[in-house]
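Visitor: Supplied structure: run.csv, CSV, C-alpha atoms.
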```csv
chain,number,residue,atom,x,y,z
G,1,ASP,CA,-48.5,3.5,-23.9
G,2,LEU,CA,-47.7,5.4,-20.7
G,3,SER,CA,-44.5,3.5,-19.9
G,4,ILE,CA,-41.0,4.8,-20.5
G,5,ASN,CA,-40.2,1.6,-22.4
G,6,GLY,CA,-40.2,1.9,-26.1
G,7,MET,CA,-40.1,5.2,-27.9
G,8,TRP,CA,-40.2,7.3,-24.7
G,9,THR,CA,-37.1,5.5,-23.3
G,10,GLU,CA,-35.3,5.6,-26.7
G,11,ARG,CA,-35.8,9.4,-26.9
G,12,LEU,CA,-34.7,10.0,-23.4
G,13,GLU,CA,-31.6,7.8,-23.8
G,14,ASP,CA,-30.8,9.5,-27.1
G,15,SER,CA,-30.7,12.8,-25.3
G,16,CYS,CA,-29.0,11.7,-22.1
G,17,GLU,CA,-26.6,8.9,-23.0
G,18,LYS,CA,-25.1,9.7,-26.4
G,19,PRO,CA,-22.6,12.5,-26.0
G,20,ASP,CA,-21.4,12.1,-29.6
G,21,GLU,CA,-24.8,13.4,-30.8
G,22,HIS,CA,-24.9,16.1,-28.1
G,23,PRO,CA,-21.4,17.5,-27.6
G,24,THR,CA,-22.6,19.8,-24.8
G,25,PRO,CA,-24.1,17.9,-21.9
G,26,LEU,CA,-27.6,18.9,-20.9
G,27,THR,CA,-28.0,21.0,-17.8
G,28,LYS,CA,-30.4,19.8,-15.1
G,29,GLN,CA,-32.8,22.6,-16.3
G,30,GLN,CA,-32.6,21.5,-19.9
G,31,LEU,CA,-33.1,17.8,-18.9
G,32,GLU,CA,-36.1,18.7,-16.9
G,33,GLN,CA,-37.6,20.6,-19.8
G,34,LEU,CA,-36.9,17.5,-22.0
G,35,VAL,CA,-38.5,15.1,-19.6
G,36,ARG,CA,-41.5,17.4,-19.2
G,37,SER,CA,-42.0,17.7,-22.9
G,38,LEU,CA,-41.8,13.9,-23.4
G,39,ILE,CA,-44.4,13.3,-20.7
G,40,LEU,CA,-46.7,16.0,-22.2
G,41,VAL,CA,-46.5,14.1,-25.4
G,42,GLU,CA,-47.6,11.0,-23.5
G,43,GLN,CA,-50.5,12.9,-22.0
G,44,SER,CA,-51.6,14.4,-25.4
G,45,GLN,CA,-52.1,10.8,-26.6
G,46,GLU,CA,-54.1,9.9,-23.5
G,47,LEU,CA,-56.3,13.0,-23.0
G,48,ARG,CA,-58.9,11.6,-25.3
G,49,ILE,CA,-59.9,9.5,-22.3
G,50,LEU,CA,-62.4,11.5,-20.3
G,51,ALA,CA,-61.2,10.3,-16.9
G,52,PRO,CA,-57.8,8.5,-16.8
G,53,GLU,CA,-58.2,5.2,-14.9
G,54,ILE,CA,-56.3,5.3,-11.6
G,55,LYS,CA,-55.1,1.8,-12.5
G,56,VAL,CA,-53.4,3.2,-15.7
G,57,LEU,CA,-51.7,6.0,-13.7
G,58,GLN,CA,-50.6,3.4,-11.2
G,59,GLU,CA,-49.0,1.3,-13.9
G,60,ASP,CA,-47.3,4.5,-15.2
G,61,LEU,CA,-45.8,5.1,-11.7
G,62,GLN,CA,-44.8,1.5,-11.3
G,63,LEU,CA,-42.9,1.5,-14.6
G,64,LYS,CA,-41.2,4.8,-13.9
G,65,LYS,CA,-40.1,3.6,-10.4
G,66,ALA,CA,-38.9,0.3,-11.9
G,67,ASN,CA,-36.9,2.2,-14.5
G,68,VAL,CA,-35.1,4.2,-11.7
G,69,TYR,CA,-33.9,0.9,-10.2
G,70,ARG,CA,-33.0,-0.5,-13.6
G,71,SER,CA,-30.8,2.5,-14.3
G,72,ILE,CA,-28.7,2.0,-11.2
G,73,PRO,CA,-25.4,0.1,-12.0
G,74,TYR,CA,-25.0,-3.1,-10.1
G,75,SER,CA,-21.9,-3.2,-7.9
G,76,ARG,CA,-20.6,-6.2,-5.9
G,77,PHE,CA,-18.3,-3.8,-4.0
G,78,GLY,CA,-19.1,-0.4,-2.6
G,79,SER,CA,-22.4,1.5,-2.5
G,80,ASN,CA,-24.9,1.5,-5.3
G,81,ARG,CA,-26.4,4.7,-3.8
G,82,ASP,CA,-23.4,6.9,-4.4
G,83,ALA,CA,-23.1,10.0,-6.6
G,84,HIS,CA,-22.2,8.0,-9.7
G,85,CYS,CA,-25.3,5.8,-9.4
G,86,TYR,CA,-27.4,8.9,-8.6
G,87,ARG,CA,-26.3,10.6,-11.9
G,88,LYS,CA,-27.3,7.5,-13.8
G,89,ALA,CA,-30.7,7.4,-12.2
G,90,PHE,CA,-31.4,11.1,-12.3
G,91,PRO,CA,-33.2,11.3,-15.6
G,92,TYR,CA,-35.6,8.6,-14.5
G,93,LEU,CA,-36.1,10.1,-11.0
G,94,LEU,CA,-37.0,13.3,-12.9
G,95,ALA,CA,-39.4,11.4,-15.1
G,96,PHE,CA,-41.1,10.0,-12.0
G,97,LYS,CA,-41.4,13.5,-10.4
G,98,VAL,CA,-42.8,15.1,-13.6
G,99,SER,CA,-45.3,12.3,-14.0
G,100,CYS,CA,-46.6,12.8,-10.4
G,101,GLN,CA,-46.8,16.5,-11.1
G,102,GLU,CA,-48.3,16.6,-14.5
G,103,TRP,CA,-50.9,13.8,-14.1
G,104,GLY,CA,-52.0,15.4,-10.9
G,105,GLN,CA,-52.5,18.7,-12.6
G,106,VAL,CA,-54.6,17.0,-15.4
G,107,LEU,CA,-56.9,15.6,-12.7
G,108,LEU,CA,-57.1,19.0,-10.9
G,109,ARG,CA,-58.0,20.8,-14.1
G,110,ARG,CA,-60.8,18.3,-14.6
G,111,LYS,CA,-61.9,18.8,-11.1
G,112,GLU,CA,-61.7,15.1,-10.4
G,113,TRP,CA,-61.2,15.7,-6.7
G,114,ASP,CA,-61.5,12.1,-5.5
G,115,ALA,CA,-59.2,10.9,-8.3
G,116,VAL,CA,-56.7,13.6,-7.3
G,117,LEU,CA,-56.7,12.2,-3.7
G,118,GLU,CA,-56.3,8.6,-4.8
G,119,HIS,CA,-53.6,9.4,-7.3
G,120,SER,CA,-51.7,11.6,-4.9
G,121,LEU,CA,-51.8,9.0,-2.0
G,122,MET,CA,-50.8,6.3,-4.4
G,123,ALA,CA,-47.9,8.3,-5.8
G,124,TRP,CA,-46.9,9.2,-2.2
G,125,LEU,CA,-46.4,5.5,-1.5
G,126,TYR,CA,-44.3,5.0,-4.7
G,127,THR,CA,-42.2,8.1,-3.8
G,128,SER,CA,-41.4,6.5,-0.4
G,129,GLU,CA,-40.1,3.5,-2.3
G,130,LEU,CA,-37.5,5.5,-4.3
G,131,PRO,CA,-33.9,4.9,-3.5
G,132,GLN,CA,-32.4,6.6,-0.5
G,133,TRP,CA,-29.1,8.1,-1.7
G,134,ASP,CA,-25.9,8.4,0.3
G,135,THR,CA,-25.6,12.1,-0.2
G,136,ALA,CA,-28.4,14.0,1.6
G,137,SER,CA,-28.8,16.6,-1.1
G,138,HIS,CA,-29.5,13.9,-3.7
G,139,ASN,CA,-32.7,13.1,-1.8
G,140,ALA,CA,-34.1,16.5,-2.5
G,141,LEU,CA,-36.1,15.3,-5.5
G,142,ARG,CA,-38.0,12.9,-3.2
G,143,GLU,CA,-39.0,15.8,-1.0
G,144,GLN,CA,-40.0,17.8,-4.0
G,145,CYS,CA,-42.3,14.9,-5.0
G,146,TYR,CA,-43.9,15.0,-1.5
G,147,GLY,CA,-44.4,18.7,-1.7
G,148,VAL,CA,-46.1,18.5,-5.1
G,149,LEU,CA,-48.4,15.7,-4.0
G,150,ALA,CA,-49.3,17.4,-0.7
G,151,ALA,CA,-50.2,20.6,-2.7
G,152,HIS,CA,-52.5,18.5,-4.9
G,153,ILE,CA,-54.1,16.8,-1.9
G,154,LEU,CA,-54.7,20.1,-0.1
G,155,THR,CA,-56.3,21.6,-3.2
G,156,ALA,CA,-58.6,18.6,-3.6
G,157,LEU,CA,-59.6,18.7,0.0
G,158,GLN,CA,-60.5,22.3,-0.3
G,159,HIS,CA,-62.9,21.6,-3.1
G,160,CYS,CA,-64.4,18.2,-2.6
G,161,SER,CA,-67.4,17.1,-0.5
G,162,LEU,CA,-66.6,14.2,1.8
G,163,GLU,CA,-68.9,11.8,3.6
G,164,PRO,CA,-67.8,11.4,7.2
G,165,SER,CA,-66.8,7.8,6.6
G,166,ARG,CA,-64.6,8.8,3.6
G,167,GLY,CA,-63.1,11.7,5.6
G,168,HIS,CA,-62.1,9.3,8.5
G,169,GLU,CA,-60.6,6.9,6.0
G,170,LEU,CA,-58.6,9.7,4.4
G,171,LEU,CA,-57.4,11.0,7.7
G,172,ARG,CA,-56.0,7.6,8.7
G,173,ARG,CA,-54.2,7.4,5.4
G,174,LEU,CA,-52.8,10.9,5.6
G,175,LYS,CA,-51.5,10.2,9.1
G,176,MET,CA,-49.8,7.1,7.7
G,177,ALA,CA,-48.3,9.3,5.0
G,178,GLN,CA,-46.9,11.6,7.6
G,179,LEU,CA,-44.4,8.8,8.6
G,180,GLN,CA,-42.6,9.5,5.3
G,181,SER,CA,-42.8,13.3,5.2
G,182,GLN,CA,-44.1,16.2,7.2
G,183,SER,CA,-45.2,17.9,4.0
G,184,ILE,CA,-48.5,16.2,4.5
G,185,VAL,CA,-49.3,18.1,7.8
G,186,PRO,CA,-51.2,21.0,6.2
G,187,CYS,CA,-53.4,18.4,4.5
G,188,ILE,CA,-54.1,16.7,7.9
G,189,GLN,CA,-54.9,20.0,9.4
G,190,GLU,CA,-57.3,20.9,6.6
G,191,LEU,CA,-59.1,17.6,6.8
G,192,GLN,CA,-59.5,17.8,10.5
G,193,ARG,CA,-60.9,21.3,10.1
G,194,ILE,CA,-63.4,19.9,7.5
G,195,LEU,CA,-64.4,17.1,9.9
G,196,GLY,CA,-64.8,19.6,12.7
G,197,TRP,CA,-61.8,18.2,14.7
G,198,ALA,CA,-59.8,21.4,14.8
G,199,GLN,CA,-59.9,21.5,18.6
G,200,HIS,CA,-58.0,18.2,18.6
G,201,LEU,CA,-55.2,19.4,16.3
G,202,ASP,CA,-52.5,19.9,18.9
G,203,CYS,CA,-53.1,16.5,20.5
G,204,ASP,CA,-53.3,14.6,17.2
G,205,LEU,CA,-50.1,16.1,15.7
```
Using structure tokens, write down the structure that the file contains.
Guide:
Amino acid sequence: DLSINGMWTERLEDSCEKPDEHPTPLTKQQLEQLVRSLILVEQSQELRILAPEIKVLQEDLQLKKANVYRSIPYSRFGSNRDAHCYRKAFPYLLAFKVSCQEWGQVLLRRKEWDAVLEHSLMAWLYTSELPQWDTASHNALREQCYGVLAAHILTALQHCSLEPSRGHELLRRLKMAQLQSQSIVPCIQELQRILGWAQHLDCDL
């Protein structure tokens, strides 16, 4: 099970929400290491599948995004995007980021270039649907996700062989992704180079 329901959630909550069992609060670095280790456990159970189905990875991202929203306390008064709500959601935001990063790396190691592109663009959409926090610095994790996904896309583009029709489709999708973050621009430039459109770069961007 790739979700953070069940045992995964219990272990995360045990580490993050029970101070009597952990007198010293976890630092962000320790928490990131914890989340990464839990997701690697998930992956170790799934790696017997030769090529993870994109649908399975999509369900994983859907569940992790949903868990972010479930973790945000409901408030009839005031903002539910303030620092208090961000702290509640942070472990689940981190789980989302690590999932994007680690599953993308699994696909890269397997040289599943087309799957890397599809997974990264799908994860890009889910990243754009994460909460927008009141404090600008709290949105840094979203930008980190975009940066990771853009790096995965760029690597895949540099290694894959694209039919012209597939290249044009990807270019359209990458330009749509640019509406969320400029991190995708190097990917657009690389794909235009591949398609022989480098001379139009300045006009298109």
Visitor: I'd like the neighbourhood of G:Lys97 as an NGL selection string, where a residue qualifies if any of its atoms comes within 9 Å (using only C-alpha atoms), though same-chain residues fewer than 3 positions away should be ignored.
Guide: :G and (92-94 or 100-102 or 127 or 141-142 or 144-145 or 148)
Visitor: Counting only C-alpha atoms, which residues have an atom no more than 12 Å from (-35.8, 8.1, -8.9) in the file's coordinates? Please list them as a PyMOL selection string.
Guide: chain G and resi 61-72+81+85-100+126-133+138-145
Visitor: Once you have the residues from the selection above, write them out as a CSV table (one decimal), in the coordinates of the input, restricted to C-alpha atoms.
Guide:
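See part27.csv below for the written result:
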```csv
chain,number,residue,atom,x,y,z
G,61,LEU,CA,-45.8,5.1,-11.7
G,62,GLN,CA,-44.8,1.5,-11.3
G,63,LEU,CA,-42.9,1.5,-14.6
G,64,LYS,CA,-41.2,4.8,-13.9
G,65,LYS,CA,-40.1,3.6,-10.4
G,66,ALA,CA,-38.9,0.3,-11.9
G,67,ASN,CA,-36.9,2.2,-14.5
G,68,VAL,CA,-35.1,4.2,-11.7
G,69,TYR,CA,-33.9,0.9,-10.2
G,70,ARG,CA,-33.0,-0.5,-13.6
G,71,SER,CA,-30.8,2.5,-14.3
G,72,ILE,CA,-28.7,2.0,-11.2
G,81,ARG,CA,-26.4,4.7,-3.8
G,85,CYS,CA,-25.3,5.8,-9.4
G,86,TYR,CA,-27.4,8.9,-8.6
G,87,ARG,CA,-26.3,10.6,-11.9
G,88,LYS,CA,-27.3,7.5,-13.8
G,89,ALA,CA,-30.7,7.4,-12.2
G,90,PHE,CA,-31.4,11.1,-12.3
G,91,PRO,CA,-33.2,11.3,-15.6
G,92,TYR,CA,-35.6,8.6,-14.5
G,93,LEU,CA,-36.1,10.1,-11.0
G,94,LEU,CA,-37.0,13.3,-12.9
G,95,ALA,CA,-39.4,11.4,-15.1
G,96,PHE,CA,-41.1,10.0,-12.0
G,97,LYS,CA,-41.4,13.5,-10.4
G,98,VAL,CA,-42.8,15.1,-13.6
G,99,SER,CA,-45.3,12.3,-14.0
G,100,CYS,CA,-46.6,12.8,-10.4
G,126,TYR,CA,-44.3,5.0,-4.7
G,127,THR,CA,-42.2,8.1,-3.8
G,128,SER,CA,-41.4,6.5,-0.4
G,129,GLU,CA,-40.1,3.5,-2.3
G,130,LEU,CA,-37.5,5.5,-4.3
G,131,PRO,CA,-33.9,4.9,-3.5
G,132,GLN,CA,-32.4,6.6,-0.5
G,133,TRP,CA,-29.1,8.1,-1.7
G,138,HIS,CA,-29.5,13.9,-3.7
G,139,ASN,CA,-32.7,13.1,-1.8
G,140,ALA,CA,-34.1,16.5,-2.5
G,141,LEU,CA,-36.1,15.3,-5.5
G,142,ARG,CA,-38.0,12.9,-3.2
G,143,GLU,CA,-39.0,15.8,-1.0
G,144,GLN,CA,-40.0,17.8,-4.0
G,145,CYS,CA,-42.3,14.9,-5.0
```
Visitor: Which of these, G:Leu162, G:Leu170, G:Ile153, G:Val116, has the shortest distance to G:Cys187 once you count all atoms listed in the file?
Guide: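 Using all atoms listed in the file, G:Cys187 sits closest to G:Ile153.
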Visitor: When distances are computed from only C-alpha atoms, which of G:Arg109, G:Tyr146, G:Asp134, G:His84 shows the smallest separation from G:Gln182?
Guide: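 Counting only C-alpha atoms, the residue closest to G:Gln182 is G:Tyr146.
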Visitor: Pick out the closest residue to G:Cys160 from this set: G:Ala83, G:Ala115, G:Leu57, G:Met176. Count all atoms listed in the file.
Guide: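 For G:Cys160, the nearest of the given residues is G:Ala115.
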Visitor: Quick one: pull the distance between atom CA of G:Lys175 and atom CA of G:Trp113, Å, one decimal.
Guide: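 About the pair atom CA of G:Lys175 and atom CA of G:Trp113: they are 19.3 Å apart.
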Visitor: So how many Å separate atom CA of G:Thr155 and atom CA of G:Val35, to one decimal?
Guide: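 Between atom CA of G:Thr155 and atom CA of G:Val35 the gap is 25.1 Å.
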